[in-house]
file structure.cif (mmCIF, C-alpha atoms)
data_model
loop_
_atom_site.group_PDB
_atom_site.id
_atom_site.type_symbol
_atom_site.label_atom_id
_atom_site.label_comp_id
_atom_site.auth_asym_id
_atom_site.auth_seq_id
_atom_site.Cartn_x
_atom_site.Cartn_y
_atom_site.Cartn_z
ATOM 1 C CA MET M 1322 298.392 44.622 43.038
ATOM 2 C CA LYS M 1323 301.528 46.720 42.895
ATOM 3 C CA CYS M 1324 301.596 50.334 41.748
ATOM 4 C CA GLU M 1325 303.267 49.594 38.420
ATOM 5 C CA GLU M 1326 300.700 46.898 37.586
ATOM 6 C CA LEU M 1327 297.826 49.174 38.511
ATOM 7 C CA LEU M 1328 299.154 52.047 36.426
ATOM 8 C CA LYS M 1329 299.460 49.788 33.396
ATOM 9 C CA LEU M 1330 295.776 48.915 33.682
ATOM 10 C CA LEU M 1331 294.679 52.517 34.060
ATOM 11 C CA ASN M 1332 294.126 53.072 30.330
ATOM 12 C CA GLU M 1333 291.878 50.084 30.060
ATOM 13 C CA TYR M 1334 289.972 51.045 33.172
ATOM 14 C CA VAL M 1335 289.443 54.607 31.963
ATOM 15 C CA ASP M 1336 288.260 53.257 28.595
ATOM 16 C CA GLY M 1337 286.203 50.461 30.117
ATOM 17 C CA THR M 1338 288.152 47.724 28.343
ATOM 18 C CA VAL M 1339 289.935 45.823 31.134
ATOM 19 C CA ASP M 1340 290.403 42.127 30.420
ATOM 20 C CA PRO M 1341 287.652 40.290 32.345
ATOM 21 C CA GLY M 1342 290.253 37.921 33.772
ATOM 22 C CA ILE M 1343 292.092 40.792 35.462
ATOM 23 C CA CYS M 1344 289.056 42.943 35.987
ATOM 24 C CA GLU M 1345 287.811 41.393 39.220
ATOM 25 C CA GLU M 1346 291.012 41.958 41.160
ATOM 26 C CA PHE M 1347 291.387 45.438 39.759
ATOM 27 C CA GLU M 1348 287.735 46.278 40.473
ATOM 28 C CA ARG M 1349 288.190 45.071 44.055
ATOM 29 C CA HIS M 1350 291.173 47.325 44.437
ATOM 30 C CA MET M 1351 289.417 50.303 42.847
ATOM 31 C CA ALA M 1352 286.420 49.859 45.104
ATOM 32 C CA GLY M 1353 288.613 50.323 48.168
ATOM 33 C CA CYS M 1354 291.250 52.793 46.994
ATOM 34 C CA ASN M 1355 290.135 56.410 46.989
ATOM 35 C CA PRO M 1356 293.330 57.865 45.501
ATOM 36 C CA CYS M 1357 293.050 55.504 42.511
ATOM 37 C CA GLN M 1358 289.419 56.461 42.044
ATOM 38 C CA VAL M 1359 290.344 60.140 42.048
ATOM 39 C CA VAL M 1360 293.188 59.588 39.563
ATOM 40 C CA VAL M 1361 290.820 57.783 37.185
ATOM 41 C CA ASP M 1362 288.279 60.558 37.594
ATOM 42 C CA ASN M 1363 290.966 63.185 36.940
ATOM 43 C CA ILE M 1364 291.999 61.405 33.728
ATOM 44 C CA ARG M 1365 288.435 61.162 32.496
ATOM 45 C CA LYS M 1366 287.895 64.849 33.195
ATOM 46 C CA THR M 1367 291.160 65.710 31.451
ATOM 47 C CA ILE M 1368 289.980 63.928 28.314
ATOM 48 C CA GLN M 1369 286.545 65.520 28.519
ATOM 49 C CA LEU M 1370 288.057 68.953 28.894
ATOM 50 C CA TYR M 1371 290.227 68.574 25.819
ATOM 51 C CA ARG M 1372 287.267 67.289 23.816
ATOM 52 C CA ALA M 1373 285.012 70.108 24.992
ATOM 53 C CA GLY M 1374 287.665 72.793 24.680
ATOM 54 C CA GLU M 1375 287.557 75.601 22.178
ATOM 55 C CA CYS M 1376 289.126 75.376 18.790
ATOM 56 C CA ILE M 1377 291.837 77.763 17.688
ATOM 57 C CA GLU M 1378 290.814 80.592 15.347
ATOM 58 C CA LEU M 1379 292.292 80.546 11.868
ATOM 59 C CA PRO M 1380 294.394 83.627 11.113
ATOM 60 C CA LEU M 1381 292.146 85.846 8.984
ATOM 61 C CA GLU M 1382 294.578 86.123 6.110
ATOM 62 C CA PHE M 1383 294.971 82.339 6.001
ATOM 63 C CA ARG M 1384 291.221 81.796 6.077
ATOM 64 C CA THR M 1385 290.818 84.078 3.062
ATOM 65 C CA ARG M 1386 293.590 82.215 1.280
ATOM 66 C CA LEU M 1387 292.084 78.829 2.124
ATOM 67 C CA HIS M 1388 288.670 79.710 0.736
ATOM 68 C CA ALA M 1389 290.204 81.243 -2.382
ATOM 69 C CA ALA M 1390 292.262 78.088 -2.978
ATOM 70 C CA LEU M 1391 289.166 75.916 -2.567
ATOM 71 C CA ARG M 1392 287.229 78.033 -5.034
ATOM 72 C CA GLU M 1393 290.024 77.754 -7.566
ATOM 73 C CA LYS M 1394 290.061 73.997 -7.136
ATOM 74 C CA TRP M 1395 286.281 73.918 -7.375
ATOM 75 C CA LYS M 1396 286.360 75.687 -10.738
ATOM 76 C CA ILE M 1397 288.691 73.021 -12.073
ATOM 77 C CA ILE M 1398 286.564 70.160 -10.775
ATOM 78 C CA HIS M 1399 283.223 71.755 -11.692
ATOM 79 C CA PRO M 1400 283.936 74.044 -14.647
ATOM 80 C CA ASN M 1401 280.251 74.548 -15.417
ATOM 81 C CA LYS M 1402 279.043 75.050 -11.878
ATOM 82 C CA SER M 1403 281.206 77.808 -10.318
ATOM 83 C CA MET F 1039 260.405 84.657 -0.797
ATOM 84 C CA GLY F 1040 260.645 87.345 1.880
ATOM 85 C CA CYS F 1041 261.694 84.727 4.458
ATOM 86 C CA VAL F 1042 264.508 83.456 2.262
ATOM 87 C CA GLN F 1043 265.692 87.009 1.655
ATOM 88 C CA ASN F 1044 265.655 87.796 5.364
ATOM 89 C CA ALA F 1045 267.413 84.568 6.287
ATOM 90 C CA LEU F 1046 270.148 85.156 3.765
ATOM 91 C CA ALA F 1047 270.508 88.795 4.728
ATOM 92 C CA GLY F 1048 270.904 87.751 8.357
ATOM 93 C CA LEU F 1049 273.377 85.034 7.447
ATOM 94 C CA TYR F 1050 275.613 87.402 5.556
ATOM 95 C CA GLY F 1051 275.028 90.433 7.772
ATOM 96 C CA VAL F 1052 273.652 92.654 5.035
ATOM 97 C CA LYS F 1053 270.486 94.720 5.104
ATOM 98 C CA ALA F 1054 269.103 94.126 1.632
ATOM 99 C CA LEU F 1055 269.377 91.590 -1.136
ATOM 100 C CA ILE F 1056 268.533 91.949 -4.783
ATOM 101 C CA LEU F 1057 265.496 89.816 -5.460
ATOM 102 C CA PRO F 1058 266.502 86.749 -7.526
ATOM 103 C CA THR F 1059 264.384 84.970 -10.153
ATOM 104 C CA ALA F 1060 261.816 82.395 -9.061
ATOM 105 C CA GLN F 1061 264.171 79.572 -9.984
ATOM 106 C CA GLY F 1062 266.967 81.280 -8.121
ATOM 107 C CA VAL F 1063 264.771 81.681 -5.051
ATOM 108 C CA THR F 1064 263.951 77.993 -4.922
ATOM 109 C CA LYS F 1065 267.615 77.153 -5.164
ATOM 110 C CA LEU F 1066 268.497 79.705 -2.489
ATOM 111 C CA ARG F 1067 265.762 78.427 -0.172
ATOM 112 C CA GLU F 1068 267.137 74.861 -0.344
ATOM 113 C CA THR F 1069 270.619 76.148 0.355
ATOM 114 C CA VAL F 1070 269.506 78.297 3.290
ATOM 115 C CA ILE F 1071 267.582 75.439 4.869
ATOM 116 C CA LEU F 1072 270.611 73.200 4.622
ATOM 117 C CA ILE F 1073 272.987 75.818 5.930
ATOM 118 C CA HIS F 1074 270.807 76.279 9.007
ATOM 119 C CA ASP F 1075 270.440 72.566 9.676
ATOM 120 C CA LYS F 1076 273.272 71.749 12.047
ATOM 121 C CA SER F 1077 272.942 68.012 11.630
ATOM 122 C CA ALA F 1078 273.105 67.920 7.842
ATOM 123 C CA ASP F 1079 276.832 67.319 7.145
ATOM 124 C CA GLU F 1080 276.106 64.252 5.043
ATOM 125 C CA GLU F 1081 273.380 66.109 3.148
ATOM 126 C CA LEU F 1082 275.847 68.932 2.461
ATOM 127 C CA VAL F 1083 278.321 66.374 1.166
ATOM 128 C CA ARG F 1084 275.697 64.997 -1.218
ATOM 129 C CA MET F 1085 274.917 68.479 -2.461
ATOM 130 C CA ALA F 1086 278.608 69.300 -2.901
ATOM 131 C CA GLN F 1087 279.070 66.035 -4.797
ATOM 132 C CA LYS F 1088 276.316 67.211 -7.125
ATOM 133 C CA GLY F 1089 278.063 70.512 -7.706
ATOM 134 C CA GLU F 1090 276.674 72.896 -5.042
ATOM 135 C CA LEU F 1091 279.500 75.275 -4.171
ATOM 136 C CA ALA F 1092 277.540 76.767 -1.249
ATOM 137 C CA ALA F 1093 277.397 73.323 0.323
ATOM 138 C CA MET F 1094 281.174 72.945 0.066
ATOM 139 C CA ASP F 1095 281.632 76.434 1.499
ATOM 140 C CA GLU F 1096 279.448 75.536 4.466
ATOM 141 C CA LEU F 1097 281.294 72.262 5.099
ATOM 142 C CA THR F 1098 284.553 74.200 5.123
ATOM 143 C CA ARG F 1099 283.161 76.830 7.462
ATOM 144 C CA ARG F 1100 281.931 74.147 9.869
ATOM 145 C CA HIS F 1101 285.144 72.163 10.083
ATOM 146 C CA GLU F 1102 288.021 74.524 9.365
ATOM 147 C CA LYS F 1103 288.712 75.437 12.991
ATOM 148 C CA ARG F 1104 288.779 71.857 14.179
ATOM 149 C CA VAL F 1105 291.128 70.799 11.393
ATOM 150 C CA TYR F 1106 293.391 73.782 12.016
ATOM 151 C CA THR F 1107 293.382 73.134 15.761
ATOM 152 C CA LEU F 1108 294.462 69.518 15.265
ATOM 153 C CA ALA F 1109 297.153 70.525 12.778
ATOM 154 C CA TRP F 1110 298.470 73.299 15.035
ATOM 155 C CA ARG F 1111 298.554 71.049 18.107
ATOM 156 C CA MET F 1112 300.351 68.288 16.233
ATOM 157 C CA LEU F 1113 302.860 70.543 14.495
ATOM 158 C CA ARG F 1114 303.261 73.564 16.829
ATOM 159 C CA HIS F 1115 304.169 75.715 13.832
ATOM 160 C CA GLU F 1116 301.751 78.197 12.267
ATOM 161 C CA GLN F 1117 302.911 77.928 8.672
ATOM 162 C CA ASP F 1118 302.969 74.135 8.786
ATOM 163 C CA ALA F 1119 299.518 74.059 10.380
ATOM 164 C CA GLU F 1120 298.174 76.311 7.622
ATOM 165 C CA ASP F 1121 299.765 74.178 4.908
ATOM 166 C CA VAL F 1122 298.352 70.975 6.362
ATOM 167 C CA THR F 1123 294.894 72.504 6.824
ATOM 168 C CA GLN F 1124 294.803 73.705 3.254
ATOM 169 C CA GLN F 1125 296.124 70.372 1.990
ATOM 170 C CA ALA F 1126 293.435 68.532 3.930
ATOM 171 C CA PHE F 1127 290.559 70.558 2.506
ATOM 172 C CA LEU F 1128 291.900 70.480 -1.037
ATOM 173 C CA SER F 1129 292.346 66.737 -0.783
ATOM 174 C CA ALA F 1130 288.856 66.312 0.640
ATOM 175 C CA LEU F 1131 287.436 68.334 -2.236
ATOM 176 C CA GLU F 1132 289.393 66.327 -4.783
ATOM 177 C CA HIS F 1133 288.230 63.010 -3.325
ATOM 178 C CA LEU F 1134 284.737 64.036 -2.313
ATOM 179 C CA ASP F 1135 283.122 61.832 -4.921
ATOM 180 C CA GLY F 1136 284.787 58.846 -3.271
ATOM 181 C CA PHE F 1137 283.319 59.604 0.150
ATOM 182 C CA ARG F 1138 280.681 56.957 0.812
ATOM 183 C CA GLY F 1139 279.632 57.803 4.354
ATOM 184 C CA GLU F 1140 281.305 54.827 6.024
ATOM 185 C CA SER F 1141 282.474 57.270 8.657
ATOM 186 C CA THR F 1142 281.211 60.773 9.379
ATOM 187 C CA PHE F 1143 282.507 63.506 7.122
ATOM 188 C CA SER F 1144 284.263 65.058 10.105
ATOM 189 C CA THR F 1145 286.140 61.823 10.903
ATOM 190 C CA TRP F 1146 287.118 61.376 7.263
ATOM 191 C CA LEU F 1147 288.407 64.923 7.013
ATOM 192 C CA LEU F 1148 290.373 64.702 10.267
ATOM 193 C CA ARG F 1149 291.979 61.449 9.071
ATOM 194 C CA ILE F 1150 293.179 63.245 5.952
ATOM 195 C CA ALA F 1151 294.509 66.131 8.062
ATOM 196 C CA SER F 1152 296.263 63.870 10.573
ATOM 197 C CA HIS F 1153 297.964 61.886 7.804
ATOM 198 C CA ALA F 1154 299.207 65.093 6.232
ATOM 199 C CA ALA F 1155 300.488 66.329 9.591
ATOM 200 C CA LEU F 1156 302.197 63.002 10.359
ATOM 201 C CA LYS F 1157 303.876 63.046 6.952
ATOM 202 C CA LEU F 1158 305.317 66.425 7.829
ATOM 203 C CA ILE F 1159 306.445 65.242 11.267
ATOM 204 C CA ARG F 1160 308.231 62.251 9.692
ATOM 205 C CA LYS F 1161 309.847 64.560 7.178
ATOM 206 C CA ARG F 1162 311.118 66.756 10.030
ATOM 207 C CA GLN F 1163 312.464 63.694 11.862
ATOM 208 C CA GLY F 1164 314.169 62.496 8.705
ATOM 209 C CA LEU F 1165 316.111 65.717 8.533
ATOM 210 C CA LYS F 1166 317.133 65.587 12.203
ATOM 211 C CA THR F 1167 317.760 61.938 13.080
ATOM 212 C CA VAL F 1168 320.823 59.991 12.020
ATOM 213 C CA SER F 1169 319.915 56.607 13.487
ATOM 214 C CA LEU F 1170 316.662 55.038 14.617
ATOM 215 C CA ASP F 1171 313.283 56.439 13.761
ATOM 216 C CA GLU F 1172 311.685 57.560 17.014
ATOM 217 C CA SER F 1173 308.512 55.679 16.304
ATOM 218 C CA THR F 1174 310.074 52.221 16.543
ATOM 219 C CA GLU F 1175 309.673 49.948 19.545
ATOM 220 C CA SER F 1176 313.027 50.801 21.115
ATOM 221 C CA GLU F 1177 312.035 54.342 21.972
ATOM 222 C CA GLY F 1178 312.964 54.425 25.645
ATOM 223 C CA ASP F 1179 309.540 53.693 27.057
ATOM 224 C CA GLU F 1180 311.136 51.152 29.351
ATOM 225 C CA SER F 1181 311.503 53.869 32.001
ATOM 226 C CA PRO F 1182 309.080 53.434 34.928
ATOM 227 C CA ILE F 1183 305.653 54.952 34.446
ATOM 228 C CA PRO F 1184 305.572 58.106 36.574
ATOM 229 C CA HIS F 1185 303.393 57.762 39.657
ATOM 230 C CA PRO F 1186 300.654 60.352 40.200
ATOM 231 C CA GLU F 1187 301.960 62.935 42.684
ATOM 232 C CA PHE F 1188 299.239 65.518 43.247
ATOM 233 C CA ILE F 1189 295.882 63.789 43.636
ATOM 234 C CA ALA F 1190 292.763 65.843 44.274
ATOM 235 C CA ASP F 1191 289.223 66.264 42.987
ATOM 236 C CA TRP F 1192 288.840 69.137 40.589
ATOM 237 C CA ARG F 1193 287.024 72.223 41.835
ATOM 238 C CA PHE F 1194 284.818 72.425 38.733
ATOM 239 C CA SER F 1195 283.458 70.074 36.085
ATOM 240 C CA PRO F 1196 284.845 70.108 32.531
ATOM 241 C CA ASP F 1197 281.624 71.709 31.278
ATOM 242 C CA ARG F 1198 282.108 74.676 33.573
ATOM 243 C CA LEU F 1199 285.788 74.967 32.742
ATOM 244 C CA ALA F 1200 285.556 74.677 28.956
ATOM 245 C CA GLY F 1201 285.422 78.045 27.265
ATOM 246 C CA ARG F 1202 287.409 79.951 29.877
ATOM 247 C CA SER F 1203 290.411 81.612 28.284
ATOM 248 C CA GLU F 1204 292.753 80.808 31.180
ATOM 249 C CA VAL F 1205 291.768 77.141 30.949
ATOM 250 C CA PHE F 1206 292.362 77.193 27.201
ATOM 251 C CA ASP F 1207 295.867 78.579 27.867
ATOM 252 C CA LEU F 1208 296.464 75.861 30.456
ATOM 253 C CA LEU F 1209 295.393 73.099 28.045
ATOM 254 C CA GLU F 1210 297.722 74.391 25.346
ATOM 255 C CA ALA F 1211 300.617 74.822 27.775
ATOM 256 C CA ALA F 1212 300.166 71.266 29.066
ATOM 257 C CA LEU F 1213 300.150 69.869 25.518
ATOM 258 C CA VAL F 1214 303.366 71.683 24.647
ATOM 259 C CA GLU F 1215 305.073 70.064 27.643
ATOM 260 C CA LEU F 1216 304.384 66.567 26.295
ATOM 261 C CA GLU F 1217 306.916 64.812 24.125
ATOM 262 C CA GLU F 1218 305.727 64.936 20.525
ATOM 263 C CA LYS F 1219 305.204 61.159 20.297
ATOM 264 C CA HIS F 1220 302.959 61.219 23.374
ATOM 265 C CA ARG F 1221 301.110 64.381 22.321
ATOM 266 C CA VAL F 1222 300.263 62.997 18.884
ATOM 267 C CA VAL F 1223 298.840 59.769 20.320
ATOM 268 C CA PHE F 1224 296.736 61.694 22.834
ATOM 269 C CA LEU F 1225 295.388 64.041 20.149
ATOM 270 C CA LEU F 1226 294.460 61.254 17.771
ATOM 271 C CA ARG F 1227 293.123 58.758 20.307
ATOM 272 C CA ASP F 1228 291.518 60.835 23.022
ATOM 273 C CA VAL F 1229 290.684 64.131 21.369
ATOM 274 C CA GLU F 1230 289.811 63.043 17.846
ATOM 275 C CA GLY F 1231 288.477 59.600 18.777
ATOM 276 C CA PHE F 1232 290.655 57.359 16.621
ATOM 277 C CA SER F 1233 290.596 53.763 17.813
ATOM 278 C CA VAL F 1234 293.822 52.263 19.176
ATOM 279 C CA LYS F 1235 294.115 50.270 15.940
ATOM 280 C CA GLU F 1236 293.588 53.359 13.755
ATOM 281 C CA THR F 1237 296.119 55.331 15.798
ATOM 282 C CA ALA F 1238 298.665 52.517 15.499
ATOM 283 C CA GLU F 1239 298.155 52.301 11.740
ATOM 284 C CA ALA F 1240 298.389 56.051 11.281
ATOM 285 C CA LEU F 1241 301.653 56.196 13.239
ATOM 286 C CA GLY F 1242 303.179 52.964 12.004
ATOM 287 C CA ILE F 1243 303.611 51.577 15.529
ATOM 288 C CA THR F 1244 302.108 48.659 17.428
ATOM 289 C CA GLU F 1245 298.900 48.889 19.422
ATOM 290 C CA ALA F 1246 300.896 48.099 22.564
ATOM 291 C CA ASN F 1247 303.073 51.091 21.831
ATOM 292 C CA VAL F 1248 300.030 53.309 21.357
ATOM 293 C CA LYS F 1249 298.750 52.269 24.778
ATOM 294 C CA VAL F 1250 302.050 52.980 26.515
ATOM 295 C CA ARG F 1251 302.368 56.408 24.919
ATOM 296 C CA LEU F 1252 298.742 57.168 25.670
ATOM 297 C CA LEU F 1253 299.161 56.250 29.322
ATOM 298 C CA ARG F 1254 302.188 58.515 29.677
ATOM 299 C CA ALA F 1255 300.353 61.377 27.960
ATOM 300 C CA ARG F 1256 297.241 60.955 30.092
ATOM 301 C CA LEU F 1257 299.178 60.780 33.347
ATOM 302 C CA GLN F 1258 301.320 63.794 32.529
ATOM 303 C CA LEU F 1259 298.339 65.873 31.469
ATOM 304 C CA ARG F 1260 296.366 64.740 34.505
ATOM 305 C CA GLU F 1261 299.211 65.804 36.802
ATOM 306 C CA ARG F 1262 299.601 69.201 35.156
ATOM 307 C CA LEU F 1263 295.916 69.994 35.003
ATOM 308 C CA THR F 1264 295.156 68.717 38.493
ATOM 309 C CA ARG F 1265 297.862 70.919 40.020
ATOM 310 C CA GLU F 1266 295.983 73.918 38.578
ATOM 311 C CA LEU F 1267 292.381 72.743 38.699
ATOM 312 C CA GLY F 1268 292.420 70.444 41.721
ATOM 313 C CA ASP F 1269 291.106 71.551 45.089
ATOM 314 C CA PRO F 1270 294.125 71.727 47.428
ATOM 315 C CA GLN F 1271 291.782 71.304 50.403
ATOM 316 C CA LYS F 1272 290.964 67.849 49.101
ATOM 317 C CA ALA F 1273 294.492 66.811 48.132
ATOM 318 C CA LEU F 1274 295.279 63.202 49.036
ATOM 319 C CA LYS F 1275 298.638 62.070 50.322
ATOM 320 C CA ARG F 1276 300.869 60.261 47.879
ATOM 321 C CA HIS F 1277 300.711 56.584 48.672
ATOM 322 C CA GLN F 1278 302.246 53.362 47.486
ATOM 323 C CA HIS F 1279 300.351 50.163 46.914
ATOM 324 C CA ALA F 1280 301.830 46.897 48.235
#

call {"tool": "encode", "arguments": {"input": "structure.cif", "output": "structure tokens"}}
result
Amino acid sequence: MKCEELLKLLNEYVDGTVDPGICEEFERHMAGCNPCQVVVDNIRKTIQLYRAGECIELPLEFRTRLHAALREKWKIIHPNKS
Amino acid sequence: MGCVQNALAGLYGVKALILPTAQGVTKLRETVILIHDKSADEELVRMAQKGELAAMDELTRRHEKRVYTLAWRMLRHEQDAEDVTQQAFLSALEHLDGFRGESTFSTWLLRIASHAALKLIRKRQGLKTVSLDESTESEGDESPIPHPEFIADWRFSPDRLAGRSEVFDLLEAALVELEEKHRVVFLLRDVEGFSVKETAEALGITEANVKVRLLRARLQLRERLTRELGDPQKALKRHQHA
């Protein structure tokens, strides 16, 4: 398989959704191509790292404003339960 | 009663609480138990739907950073990210009675936030562009897919890397370098777990287009991160397949 064709299948391979008809040839290639294996591994780790990464802190002033706005809305929706 | 007092005092960082009535204590105990139960999002939703403000407060506390992070990464503008975050929570509160648990609360909330952010992105594009909308098929993705250049195993696993401030800075820097259309697809599909179909629907593009943009985003991020996190001792030579 040529580089361009392999790259186009990378998404599916990373996600485990390669078309079974194409899969065998691609799997054969992957089994024998270390650079491709490392690229796939890199991509998977990239995704994992973004998923596991820290969230950004809300600016304190905004957080106060957000909670105040929610409470105001709450009072309108639940006038007897504030 | 003493346990509830202590738990609440610890939660709010105060040393003493005025002792409530017996009815108040029972109510507080239920609330404290739920607040401490990390897996009880759907139970909190039910309580909020019944009118428990503390439950809504806790849901907000649990999810506000994630919503803000998504909004900030999509919009790269603090004021816009704040507006979208606030919009998302207000909308969630307004429509809470309609939430039936078909998805998790987190997924539902992030959908609302992403739609609000995308609306803002389209509004920005509407002000700038004079011809084609960038999200249509003819967006210039006919250029060859860039070939991986630096290929090497990473020195550390994602678990060991996550949480380090320099890695956080690297992740943000790499995201900024992506074109907006690629960044948004990556955030929705890979970070927030939208399906390809959901991503396509949210963006108003085809599934094929989502996949192309996703591939470009993944490859670019992989290249950037691997140059910093890869072990140069294990770098492989660039090679071409037949």

call {"tool": "residues_around", "arguments": {"input": "structure.cif", "residues": "stretch 1358-1374 of chain M", "least_positions_apart": "2", "cutoff": "8 Å", "atoms": "all atoms listed in the file", "output": "ChimeraX atom specification"}}
result
/M:1331,1334-1335,1351-1352,1354-1356,1376 /F:1186,1189-1192,1195-1197,1199-1201,1206,1209,1228-1230,1256-1257,1259-1260,1263-1264

call {"tool": "resolve_selection", "arguments": {"input": "structure.cif", "expression": "the PyMOL selection byres ((chain F and resi 1129) around 10)", "output": "ChimeraX atom specification"}}
result
/M:1391,1394 /F:1123-1128,1130-1134,1147,1150-1151,1154

call {"tool": "residues_near_point", "arguments": {"input": "structure.cif", "point": "(294.6, 81.8, 12.6)", "cutoff": "9 Å", "atoms": "all atoms listed in the file", "output": "list of chain:residue names"}}
result
M:Ile1377, M:Glu1378, M:Leu1379, M:Pro1380, M:Leu1381, M:Glu1382, M:Phe1383, M:Arg1384, F:Lys1103, F:Tyr1106, F:Glu1116, F:Glu1120

call {"tool": "atom_distance", "arguments": {"input": "structure.cif", "atom1": "atom CA of F:Arg1138", "atom2": "atom CA of F:Leu1113"}}
result
29.4 Å

call {"tool": "resolve_selection", "arguments": {"input": "structure.cif", "expression": "the PyMOL selection byres ((chain F and resi 1235-1250) around 9)", "output": "PyMOL selection string"}}
result
(chain M and resi 1329+1332-1333) or (chain F and resi 1149+1152-1153+1156+1173-1175+1179+1183+1220+1222-1223+1226-1227+1232-1234+1251-1255)

call {"tool": "residues_near_point", "arguments": {"input": "structure.cif", "point": "(290.3, 74.6, 43.5)", "cutoff": "9 Å", "atoms": "all atoms listed in the file", "output": "PyMOL selection string"}}
result
chain F and resi 1191-1194+1266-1272

call {"tool": "atom_distance", "arguments": {"input": "structure.cif", "atom1": "atom CA of F:Asp1135", "atom2": "atom CA of F:Thr1107"}}
result
25.7 Å

call {"tool": "resolve_selection", "arguments": {"input": "structure.cif", "expression": "the PyMOL selection byres ((chain F and resi 1111) around 9)", "output": "number ranges by chain"}}
result
F: 1106-1110, 1112-1115, 1119, 1210, 1213-1214, 1221-1222, 1225

call {"tool": "atom_distance", "arguments": {"input": "structure.cif", "atom1": "atom CA of F:Asp1207", "atom2": "atom CA of M:Thr1385"}}
result
25.9 Å

call {"tool": "axis_aligned_box", "arguments": {"input": "structure.cif", "around": "stretch 1239-1246 of chain F", "padding_each_side": "4 Å", "output": "lines of an AutoDock Vina configuration file"}}
result
center_x = 300.9
center_y = 52.1
center_z = 16.9
size_x = 13.5
size_y = 16.1
size_z = 19.3

call {"tool": "closest_residue", "arguments": {"input": "structure.cif", "among": "M:Cys1324, M:Val1339, M:Asn1401, M:Phe1347", "to": "chain F", "atoms": "only C-alpha atoms"}}
result
M:Cys1324
